[in-house]
Number of protein chains: 4
Amino acid sequence: MDKKSLYVEDKLGEECGVFGIFNNDDNDSGHMAYYGLYALQHRGQESCGIAVIDDTVVKTYKDMGLVNEVFDDDILDGLKGNIAIGHVRYSTTGGSNRINSQPIISKYAKGILAIAHNGNISNASKLRMEMEHRGLIFQTSSDPEIIAYLIAAERVKTTSLENAVNRMMDVAKGAYSLVIMSAKKLVGCRDPLGMRPLVLGKVGNSYVLASETCALDGIGGEFIRDVEPGEIVVIDKDGVRSIKDHCGKVPSKFCIFEYVYFARPDSIVEGLSVHEARRRAGRILAKEHPVEADMVIGVPDSGLDAALGYAEESGIPYGIGLIKNRYIGRTFIAPTQGAREDAVKIKLNAMRATVEGKRIVMIDDSIVRGTTCGRIVKILKDAGAKEVHMRVCSPPFLWPCYYGTDVPSKEHLIACRLNADEICKQINADSLGYLSLEGLHKIGEGAHTTFCDACFTGNYPTVTPEKEMENVDEKEIRKSLKFEIQY
Amino acid sequence: MDKKSLYVEDKLGEECGVFGIFNNDDNDSGHMAYYGLYALQHRGQESCGIAVIDDTVVKTYKDMGLVNEVFDDDILDGLKGNIAIGHVRYSTTGGSNRINSQPIISKYAKGILAIAHNGNISNASKLRMEMEHRGLIFQTSSDPEIIAYLIAAERVKTTSLENAVNRMMDVAKGAYSLVIMSAKKLVGCRDPLGMRPLVLGKVGNSYVLASETCALDGIGGEFIRDVEPGEIVVIDKDGVRSIKDHCGKVPSKFCIFEYVYFARPDSIVEGLSVHEARRRAGRILAKEHPVEADMVIGVPDSGLDAALGYAEESGIPYGIGLIKNRYIGRTFIAPTQGAREDAVKIKLNAMRATVEGKRIVMIDDSIVRGTTCGRIVKILKDAGAKEVHMRVCSPPFLWPCYYGTDVPSKEHLIACRLNADEICKQINADSLGYLSLEGLHKIGEGAHTTFCDACFTGNYPTVTPEKEMENVDEKEIRKSLKFEIQY
Amino acid sequence: MDKKSLYVEDKLGEECGVFGIFNNDDNDSGHMAYYGLYALQHRGQESCGIAVIDDTVVKTYKDMGLVNEVFDDDILDGLKGNIAIGHVRYSTTGGSNRINSQPIISKYAKGILAIAHNGNISNASKLRMEMEHRGLIFQTSSDPEIIAYLIAAERVKTTSLENAVNRMMDVAKGAYSLVIMSAKKLVGCRDPLGMRPLVLGKVGNSYVLASETCALDGIGGEFIRDVEPGEIVVIDKDGVRSIKDHCGKVPSKFCIFEYVYFARPDSIVEGLSVHEARRRAGRILAKEHPVEADMVIGVPDSGLDAALGYAEESGIPYGIGLIKNRYIGRTFIAPTQGAREDAVKIKLNAMRATVEGKRIVMIDDSIVRGTTCGRIVKILKDAGAKEVHMRVCSPPFLWPCYYGTDVPSKEHLIACRLNADEICKQINADSLGYLSLEGLHKIGEGAHTTFCDACFTGNYPTVTPEKEMENVDEKEIRKSLKFEIQY
Amino acid sequence: MDKKSLYVEDKLGEECGVFGIFNNDDNDSGHMAYYGLYALQHRGQESCGIAVIDDTVVKTYKDMGLVNEVFDDDILDGLKGNIAIGHVRYSTTGGSNRINSQPIISKYAKGILAIAHNGNISNASKLRMEMEHRGLIFQTSSDPEIIAYLIAAERVKTTSLENAVNRMMDVAKGAYSLVIMSAKKLVGCRDPLGMRPLVLGKVGNSYVLASETCALDGIGGEFIRDVEPGEIVVIDKDGVRSIKDHCGKVPSKFCIFEYVYFARPDSIVEGLSVHEARRRAGRILAKEHPVEADMVIGVPDSGLDAALGYAEESGIPYGIGLIKNRYIGRTFIAPTQGAREDAVKIKLNAMRATVEGKRIVMIDDSIVRGTTCGRIVKILKDAGAKEVHMRVCSPPFLWPCYYGTDVPSKEHLIACRLNADEICKQINADSLGYLSLEGLHKIGEGAHTTFCDACFTGNYPTVTPEKEMENVDEKEIRKSLKFEIQY
């Protein structure tokens, strides 16, 4: 446990990825969801699952592990059906347990409800407490169960699933990109702020919903358009239609960090190529923090695109300076023996031929806890780098995120304790430059959205959970027994 | 799948077993539950689980498989706590899936509720439909979730868990022996008819609830008493107390088949030794269906006790005539190749030295589908038995069971299609004798209860589910989408 | 590790079981071997394997575990072929490792040699040392590799596999029942002393070799005859023929303990029913050690047959007094917590209804280390037995076995330290009676063999390994590095 | 099976990697081998294993799978010892089976011999046949067993392990980099042609042997020097010494393809950086096959270094044009459904932002069967590339390799069927340029060796196996039964 944590990369936890298909071509929807989830694996490596509707039967399979560990051909052959939804998960709220894996399936008055969710309901604690006081019970500690209750409660009072979803959106605050399946329909929706991505696409005659366009590429499909912030997309045998009651009432607040780190570089998000945005980050960094150097390198994989941009702007040659071991799996045993620990370069090794005797500009996407960048600087200097100038494609992390990523608490954020000069000294770099907040917003130019930058600025687009709970009796909160379910 | 079903023994599905401990001696309750469930494994081999309360945290582990397959020392070391409940399951209602395994854990207004259940709520469908119309959602297809909702709904209106359980018992009909755990209490209860067993015992200073006394023996504990029909037993740091509001209002209706087949022979149930009851069945059979023969043998394991009784009463020597292969596991691959299939005697082999040239009385507990007794007769005759006289420790199965066992539907019950003579002919026995209904009730003499014999007589002690649903709009029922969840 | 050893039954390790089929009916020989090994599982639970010849390809699958754990339908479908041999193993010599599992396959000058072996070559150490000095290498620490070398060395000098086997038998001493497969032939042989069983049978048009007749029953086959001590049976497309050069030169010395414990009661060994021999042991015990008592019970499973015999001879009623938990698997976690350990009756529980208030005669097959019989006496007395008189179906173990069973070293044999009275006192029994040596030989009357009783008498039928090595330079022995291979 | 093969990359099978440590610092050699093998995983992903000497006991663990799948902390804790050797394997000769995994351990006259091997003995078939005729048996179908026999046979005639290794080298022809362990010594050797790499390094006070320098980096060690072609390095408690009887007698023939594809780019091989050699390949390609284009991209991962070189030389900008899914595991299920199959871009996706509207130069290391490059061209054109000019860092493959790589047979080599123009047309590229043979040799300039280029030229540095076997009686060969061992 501890051993492994030593080697966790200093990255934000990816959140989740969702996928849905209304299959008008055949009934092999389980396989389609499998390929879609494969392409979205970078958004969550802890658990995954697929649910399909086969006529009047819902079939589900989910477990802890990567898509290629959880599913095999036999399982997928058992997941025939004309509608499928899938999910990859990195635990944000809700413990790291099988029961919290998605999609979650509920039986309710109007049949079956299957939900896959990316995001975080920021008023979940309050909603849950109210529900519990109405006698409801919770079997998981994750948001989709709250969403299911909200939809179920409305569905018995209204005429369609989409109307119930529409009313749910009046109540649930925060970030949510949902893919919802009933016996006859596939429904997708994004929260009115549009904080997490969701796209609509097509493969053959079938419609697809997915977190990113790379999932459309992965199944040989084509991109139609982004689902709009606040939009509900309803797909059934009659085709696609939308409900836009929650659209356009507030400015959209797309998570800027999707461009910096979360999304895959080959995805097009809100009309802008992620690769392009990252390259732009490199170019802006080159302007904001120029330096005399011999070589620009990126920390693989997320720093490579920006390194290319920095090289282009600065005229300093681009090089391959660090090699990442592609075989480090989830069960890698990190070394613990004192001195040796520091020396071991299994995960990342320097390319001596590239860096020896050179002044190096090293680009990474972000610094969170600051635990690994010092080690990387050392690896480069051990390999003969004369100078190492670190450039970071985002501003310092200063605030927690309530919208589906796991920015650690302030005491773990290095930028809350040290300023840039102090960090530079601590990691033994020759200079350190963060992308400015202004620069950050520039990398998203051309995207048809404005951005949430709360983790850098504290400007939250919704009431925070703490605020929500302020008037709630503390005794109630203490009553909550902690779940630690390990199915 | 099909292959395996060929070799399923012709037995009723065992139901479930429950276990609970309020540990006043140490906090190693997970291990105690493990040993308890080991002793109850005969009551359910499909899935098992343990939940413990450790101060304010509930920890659970459950999976498909036998107790010794699901748990290891590491897992049990993670299940420290001062209260534990456990469950072994054979699917009756609710599909054969991980999500239906128990205990089920719910978070509700008053904290945590963990439930392990043996039995079947006979008005579950109706209750579920009503609940769904109030906006509730169901994530499993098994009874405990309904029970949890009933308790949660009452708990917010009353002052204690036990009071809520008491009110739940006003509503839930049918068979249920429950073990329920909250942060501070272990609660056990039996339905007012007392259809399924539940005993109270002690080990060291700790109190224990279990389906059968063999679980008390298994942990080195001692038997205190049976939980009474309708009784609620509450165990907390102040000791044990009871609520008996539902006691004594109706005559108890204990499942007589617990004596015939379900319970372990070394258990004492309702004051009567199971072994003794079975031996008595053999003695009564010897009176009801005497025959001239050379040897009495039992079909292992459940026919052995009665064979001894038949031998004692008849004076015909007792012998070991059939050997059961002890290594047939759940994944045994049954042979399918035509002629060979019939010839293969892997599971059960005849002891030629015992049966050759002899007239054999062969005792088995019951005939359900009639698929295997013909094969056993053949095995004995192939080994040289001159005659085989089959004696059965129960009357013919004629009616479905709604109380926690899986008596198959009428078209699969051989006794619904053929009379005893026809069955005798079909299985190629030289005579066939069933225990009479009168004899059946005699085997339970001395037990402090009367009996449910509905599967033999159709005299159901509650309204049947069919009746309950009679006035429900059919459209509602059709709306139900079938679950087939394969976590 | 230690935990588990606490609960190891006080039994001799079963040795090994072998199976072979020359399939003239179809090519599904893998499945046939599977059923045969299932029936022989009691002879070895540590590892198992099957090898088949499919035209000119040899295919093998083997692993640690029970037959039903190691094989599934897919694997067996991959084991098509017209000849198959199989093996179940309990480690005797050679560590408990995957590499020592059998059959072992060797490629040599004349093609392929697959060998499955039951027994122990008593001059193995000496043979191995000589071979090593000729430059040979060993990859396992088990006998079959030595046998393979012996056969291979002779085969290049002679005209047929059977001739080479014949010459191997000039050199290898001790106990060996072998099943050997080449591309065209299935060969079986027994050592000239006939210490371990081997039978020839038939199923359809196909010939079968197996350790015991129960394996013939298991595949629906019929018994032809025992392979004779010293006989080589050759099966090929021309049928069955024998080489008997090594037959009849020495009196046969069949392991008497096969009747007492190793073989399955439904097997017929050397013309005598194992069940019958055990029952006879009970009858002789009743004469040698009579006692006034109310009930005779057997320790399941191996004591049951003899208990029946004791009851018959003594006139004391037979009862079922101990219940064995059928679900104790290989991974059972034994309790370790001080006092509790003793109290836990998970594996074996007393039938209170049978033993309470009674004077009990308790029959077991043997006492090896004496670790569990005291516990069983206690379990019976705790359940109310007034007296417990232990009767043992064999004399005291005093000498190690060099022929394929793991009689522990003298310091672990309780009878080497204590006499019967002292053992009786230690286990807190009211009397203790061992079968006499004379009685032991009587139980085998009617078998067409005489017996090895070396573990009781020290009368070894071959030179012991210690003697063999006496003249070998000690330096050579010390040179041996210990294998501890854990594949 | 078939499904998966559809998606096998069109690459040569990596061969094997070896690692050894003589640990003078502590006894945790198992963990050190683990990290070493992690860094060498690219040389073989099929099976892996570690053997250690702990005083007088040899302990081994090996299985099918990746290093992080096969080993966990418990297993490594069981592999304490002061000498360790390890192996990662990609099957070249010898089937894909557990029994062929290495290290192989042999017991012989002088104790224990553990061998890990990278390469291919080109006269193995002949040696094996001769050995078999002397009565030897083979349990595997891989080279190390032959090597063990050769060493064992010599060791009994000479005074030390290293002398025996020296004599083995007189006999074994072809490619072999060996790491050999006895109770007291770690020995490494390279064949006289030096076809496969082997380096000597140091970590703390301990000496290390490894296939590549990246393994030294991986354990925090430092490079000392390459083991010379024909050299035997002996490491024991007295330090390091060499035997060079086989050095310098023939010109070295290092496998040039190690630079092109096999070795890791961060390794320094024979004094030359692999990254540098690949970049040089790109530069030479730019001169040999210039083209007007807008962007140079590499096929990840092996084409990236050369793409950088092509960009540098040509002045065309370097870009990131293809994204490789990092989560494709060994069990990935490839799509099979007709049209869809072609469209699925799960493994490799184009970066539309980079390639759209551009003329692209695409660099890959080699073309073997030609199965995937057409697909990649299509992916790029689907993403909007105007032109795709393929450049290949090696000449066309025309001849089989007998030295440890699995160049497929001629009928599978596309260049044996089609010329460059035809291939270009078939893959729908706009131009295609292979590196010339002259260019190929230039990329290795500065390395202190000459090269084997037999797979491109047919100039084999040893007698080929076919030639070796020419005078062998064909009957003998036919006698060989095929192994298909599936442990």
# chains A, B, ... in the order shown; residues from 1 in each chain; ligands from 1
>>> closest_atom_pairs(of="chain A", to="chain B", cutoff="9 Å", atoms="only C-alpha atoms", output="CSV")
residue,atom,partner,partner_atom,distance
A:Gly49,CA,B:Tyr487,CA,8.8
A:Ala51,CA,B:Ile485,CA,8.7
A:Thr56,CA,B:Leu481,CA,5.3
A:Val57,CA,B:Lys482,CA,4.8
A:Val58,CA,B:Phe483,CA,5.5
A:Lys59,CA,B:Glu484,CA,5.0
A:Thr60,CA,B:Ile485,CA,5.0
A:Tyr61,CA,B:Tyr487,CA,4.9
A:Lys62,CA,B:Tyr487,CA,5.4
A:Asp63,CA,B:Tyr487,CA,6.8
A:Arg98,CA,B:Tyr487,CA,8.9
A:Ile99,CA,B:Ile99,CA,8.4
A:Ile104,CA,B:Gln139,CA,7.8
A:Ile105,CA,B:Gln139,CA,6.0
A:Ser106,CA,B:Gln139,CA,4.7
A:Lys107,CA,B:Phe138,CA,4.8
A:Tyr108,CA,B:Ile137,CA,4.7
A:Ala109,CA,B:Glu132,CA,4.5
A:Lys110,CA,B:Lys479,CA,6.7
A:Gly111,CA,B:Ser480,CA,5.3
A:Ile112,CA,B:Leu481,CA,6.2
A:Met129,CA,B:Ala109,CA,7.1
A:Glu130,CA,B:Ala109,CA,8.7
A:Met131,CA,B:Ala109,CA,8.2
A:Glu132,CA,B:Ala109,CA,4.5
A:His133,CA,B:Ala109,CA,5.4
A:Arg134,CA,B:Ala153,CA,7.4
A:Gly135,CA,B:Ala153,CA,4.4
A:Leu136,CA,B:Tyr108,CA,6.4
A:Ile137,CA,B:Tyr108,CA,4.7
A:Phe138,CA,B:Lys107,CA,4.8
A:Gln139,CA,B:Ser106,CA,4.7
A:Thr140,CA,B:Ser106,CA,7.8
A:Ser141,CA,B:Lys107,CA,8.6
A:Glu145,CA,B:Ile137,CA,9.0
A:Ala148,CA,B:Ile137,CA,7.5
A:Tyr149,CA,B:Ile137,CA,6.6
A:Leu150,CA,B:Gly135,CA,8.6
A:Ile151,CA,B:Gly135,CA,8.7
A:Ala152,CA,B:Gly135,CA,5.4
A:Ala153,CA,B:Gly135,CA,4.4
A:Glu154,CA,B:Gly135,CA,7.7
A:Arg155,CA,B:Gly135,CA,8.0
A:Val156,CA,B:Gly135,CA,6.6
A:Ala183,CA,B:Leu481,CA,7.7
A:Glu476,CA,B:Ala109,CA,8.5
A:Lys479,CA,B:Gly111,CA,5.9
A:Ser480,CA,B:Gly111,CA,5.4
A:Leu481,CA,B:Thr56,CA,5.4
A:Lys482,CA,B:Val57,CA,4.8
A:Phe483,CA,B:Val58,CA,5.5
A:Glu484,CA,B:Lys59,CA,5.0
A:Ile485,CA,B:Thr60,CA,4.9
A:Gln486,CA,B:Tyr61,CA,5.2
A:Tyr487,CA,B:Tyr61,CA,4.9
>>> select_by_dssp(residues="range 246-397 of chain C", states="strand (DSSP E or B)", output="count of residues only")
29
>>> residues_around(residues="range 443-447 of chain C", least_positions_apart="5", cutoff="6 Å", atoms="only C-alpha atoms", output="PyMOL selection string")
chain C and resi 270-272+277+280-281
>>> residues_around(residues="Ala84 in chain D", least_positions_apart="2", cutoff="6 Å", atoms="only C-alpha atoms", output="JSON, numbers by chain")
{"D": [20, 21, 29, 51, 52]}
>>> residues_around(residues="Val234 in chain D", least_positions_apart="3", cutoff="9 Å", atoms="only C-alpha atoms", output="number ranges by chain")
D: 162, 185-189, 239-243
>>> write_last_selection(atoms="N, CA and C atoms", output="short mmCIF file (atom, residue, chain, number, x, y, z; two decimals), in the first residue's frame")
data_model
loop_
_atom_site.label_atom_id
_atom_site.label_comp_id
_atom_site.auth_asym_id
_atom_site.auth_seq_id
_atom_site.Cartn_x
_atom_site.Cartn_y
_atom_site.Cartn_z
N GLU D 162 33.80 -22.25 -15.00
CA GLU D 162 34.16 -21.39 -16.12
C GLU D 162 34.93 -22.18 -17.20
N LYS D 185 29.14 -18.90 -7.76
CA LYS D 185 29.62 -18.03 -8.84
C LYS D 185 28.48 -17.55 -9.74
N LEU D 186 28.71 -16.35 -10.27
CA LEU D 186 27.87 -15.83 -11.34
C LEU D 186 28.77 -15.71 -12.57
N VAL D 187 28.38 -16.37 -13.65
CA VAL D 187 29.19 -16.36 -14.86
C VAL D 187 28.37 -15.78 -16.01
N GLY D 188 28.99 -14.91 -16.78
CA GLY D 188 28.33 -14.39 -17.98
C GLY D 188 29.20 -14.68 -19.20
N CYS D 189 28.58 -14.93 -20.32
CA CYS D 189 29.41 -15.06 -21.53
C CYS D 189 28.64 -14.64 -22.77
N GLY D 239 35.75 -11.19 -6.58
CA GLY D 239 35.60 -10.11 -7.55
C GLY D 239 35.32 -10.62 -8.95
N VAL D 240 35.80 -9.87 -9.95
CA VAL D 240 35.49 -10.16 -11.35
C VAL D 240 36.76 -10.55 -12.08
N ARG D 241 36.70 -11.63 -12.86
CA ARG D 241 37.83 -11.94 -13.74
C ARG D 241 37.29 -12.48 -15.07
N SER D 242 38.16 -12.55 -16.06
CA SER D 242 37.71 -12.91 -17.41
C SER D 242 38.50 -14.05 -18.00
N ILE D 243 37.86 -14.82 -18.85
CA ILE D 243 38.54 -15.78 -19.71
C ILE D 243 38.26 -15.32 -21.14
#
>>> residues_around(residues="range 196-201 of chain B", least_positions_apart="6", cutoff="6 Å", atoms="only C-alpha atoms", output="number ranges by chain")
B: 177, 207-211, 222-227
>>> atom_distance(atom1="CA of Asp301 in chain B", atom2="CA of Asp364 in chain B")
9.0 Å
